[in-house]
Structures are given as C-alpha cells and as structure tokens.
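Since the structure comes first, as structure tokens, the remarks are kept for the end.
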Amino acid sequence: MKQGIRPPGKTTIAPEVLVSIARLTALSVPGVRRLALAPTDINKIFHHGVNEGVEIRVENDTVYADIHVILNRDVNVRDVSRTIQTQVARAFSEMVGMEVGKVNIHIEDIDFSPVSES
C-alpha cells in the first residue's frame with residue numbers, strides 16, 4: 001500500500017475464528033488424536049461445542065491460546081507439543097496477522113487404542 005493512503009475500513013476477527021484456526025491447526029498435527037475439555041471447568045462438561053479443547057484470550061491485539069489435547073500412543077509428547085505450538089502460532093500470524101503471546105499445550109491424556117489406518 002502506498003504511503004499516506006489509509007485502508008477503506010476496519011477488519012474485525014471474531015473470537016470463534018481464532019478458535020477454529022487453533023482447533024483445525026492442532027488437529028492437523030501428526031500424533032494428535034483429538035481435543036479434550038479443560039478439566040477444571042465443570043460447566044464445559046455439559047456444553048460441548050466449537051470451543052471444545054481451545055481457550056483463546058486477546059489482550060492488546062495479542063493472542064493467547066490454551067489448547068487441551070489427547071495424543072496418540074507411541075509419540076514423543078514434547079515434540080508433538082512443540083509442533084502444535086509452532087504451527088498454531090504460525091497460523092495466527094499468517095492467517096489473521098495477529099501477534100502471538102503464548103500457545104500453551106495441555107496434554108490431558110494419551111489414547112492407547114490402536115491408531116486407525118486411513
């Protein structure tokens with residue numbers, strides 16, 4: 001954009017968009033079985049929905065995410081966690097241009113059932 005020219009308006013990102021980006025990005029990481037509910041909030045047990053497994057906070061145009069995951073068996077938990085953090089931070093930055101404060105990963109369980117071959 002040329003200097004001195006202002007954009008014609010303002011773009012607002014709904015919190016649900018950030019949740020969807022985090023959710024889909026985390027689920028795309030090899031080794032992630034599914035997302036889990038945050039165990040500390042009893043109300044979430046009865047209200048499943050799009051926010052399941054992802055908590056987003058935005059402060060001063062900076063995104064903070066907490067992602068609760070269940071991993072497949074036989075994966076390196078540390079490597080998968082770091083991959084989720086890196087990929088989610090990159091997705092926020094590239095897709096919506098927001099600065100990322102933290103992406104916290106909470107490993108809630110390991111699923112020891114056989115991994116389906118797709």
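Just so we're on the same page: first chain in the structure tokens is A, next is B, and so on; residues restart at 1 for each chain, and ligands are numbered from 1 in the order they show up.
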Skipping near chain neighbours, those fewer than 2 positions away, what residues fall within 10 Å of Asp74 in chain A using only C-alpha atoms, listed as a ChimeraX atom specification? /A:31,71-72,76-77,110-112,115
Create the file for the chosen residues now, containing N, CA and C atoms and written as a short mmCIF file (atom, residue, chain, number, x, y, z; two decimals), in the first residue's frame.
```
data_model
loop_
_atom_site.label_atom_id
_atom_site.label_comp_id
_atom_site.auth_asym_id
_atom_site.auth_seq_id
_atom_site.Cartn_x
_atom_site.Cartn_y
_atom_site.Cartn_z
N GLY A 31 0.03 -37.11 15.45
CA GLY A 31 0.16 -37.50 16.85
C GLY A 31 -0.97 -37.00 17.72
N LEU A 71 -3.28 -37.22 22.93
CA LEU A 71 -2.32 -37.66 21.92
C LEU A 71 -2.44 -39.16 21.66
N ASN A 72 -1.97 -39.56 20.48
CA ASN A 72 -1.87 -40.98 20.15
C ASN A 72 -0.77 -41.62 20.98
N ASN A 76 6.27 -38.83 20.63
CA ASN A 76 7.10 -38.05 21.53
C ASN A 76 6.28 -36.84 21.97
N VAL A 77 5.85 -36.85 23.21
CA VAL A 77 4.94 -35.82 23.72
C VAL A 77 5.54 -34.42 23.58
N ILE A 110 -3.37 -39.75 27.00
CA ILE A 110 -2.78 -40.49 25.88
C ILE A 110 -3.78 -41.58 25.52
N ASP A 111 -4.13 -41.67 24.26
CA ASP A 111 -5.07 -42.69 23.79
C ASP A 111 -4.28 -43.92 23.37
N PHE A 112 -4.47 -45.02 24.10
CA PHE A 112 -3.72 -46.23 23.83
C PHE A 112 -4.47 -47.20 22.91
N VAL A 115 -4.27 -47.06 16.50
CA VAL A 115 -4.44 -45.95 15.57
C VAL A 115 -4.99 -46.52 14.27
#
```
DSSP on the backbone: what in chain A comes out alpha helix (DSSP H), as a ChimeraX atom specification? /A:15-27,42-45,77-96
Need to verify the contact set: range 4-15 of chain A, 9 Å, only C-alpha atoms, exclusion of same-chain residues closer than 3 positions in sequence. Can you return it as a VMD selection string? chain A and resid 1 18 to 20 56 to 58 96
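Near Arg34 in chain A, within 8 Å and counting only C-alpha atoms, sit Leu27, Val69, Ile70 and Leu71 of chain A; same-chain residues fewer than 3 positions away were not included.
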Among the residues of chain A, find those DSSP assigns to strand (DSSP E) from the backbone and print them as a PyMOL selection string. chain A and resi 32-35+54-59+62-72+99-111
Taking only C-alpha atoms into account, which of A:Ser28, A:Thr62, A:Gln87, A:Ser113 comes nearest Glu99 in chain A?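 For Glu99 in chain A, the nearest of the given residues is A:Thr62.
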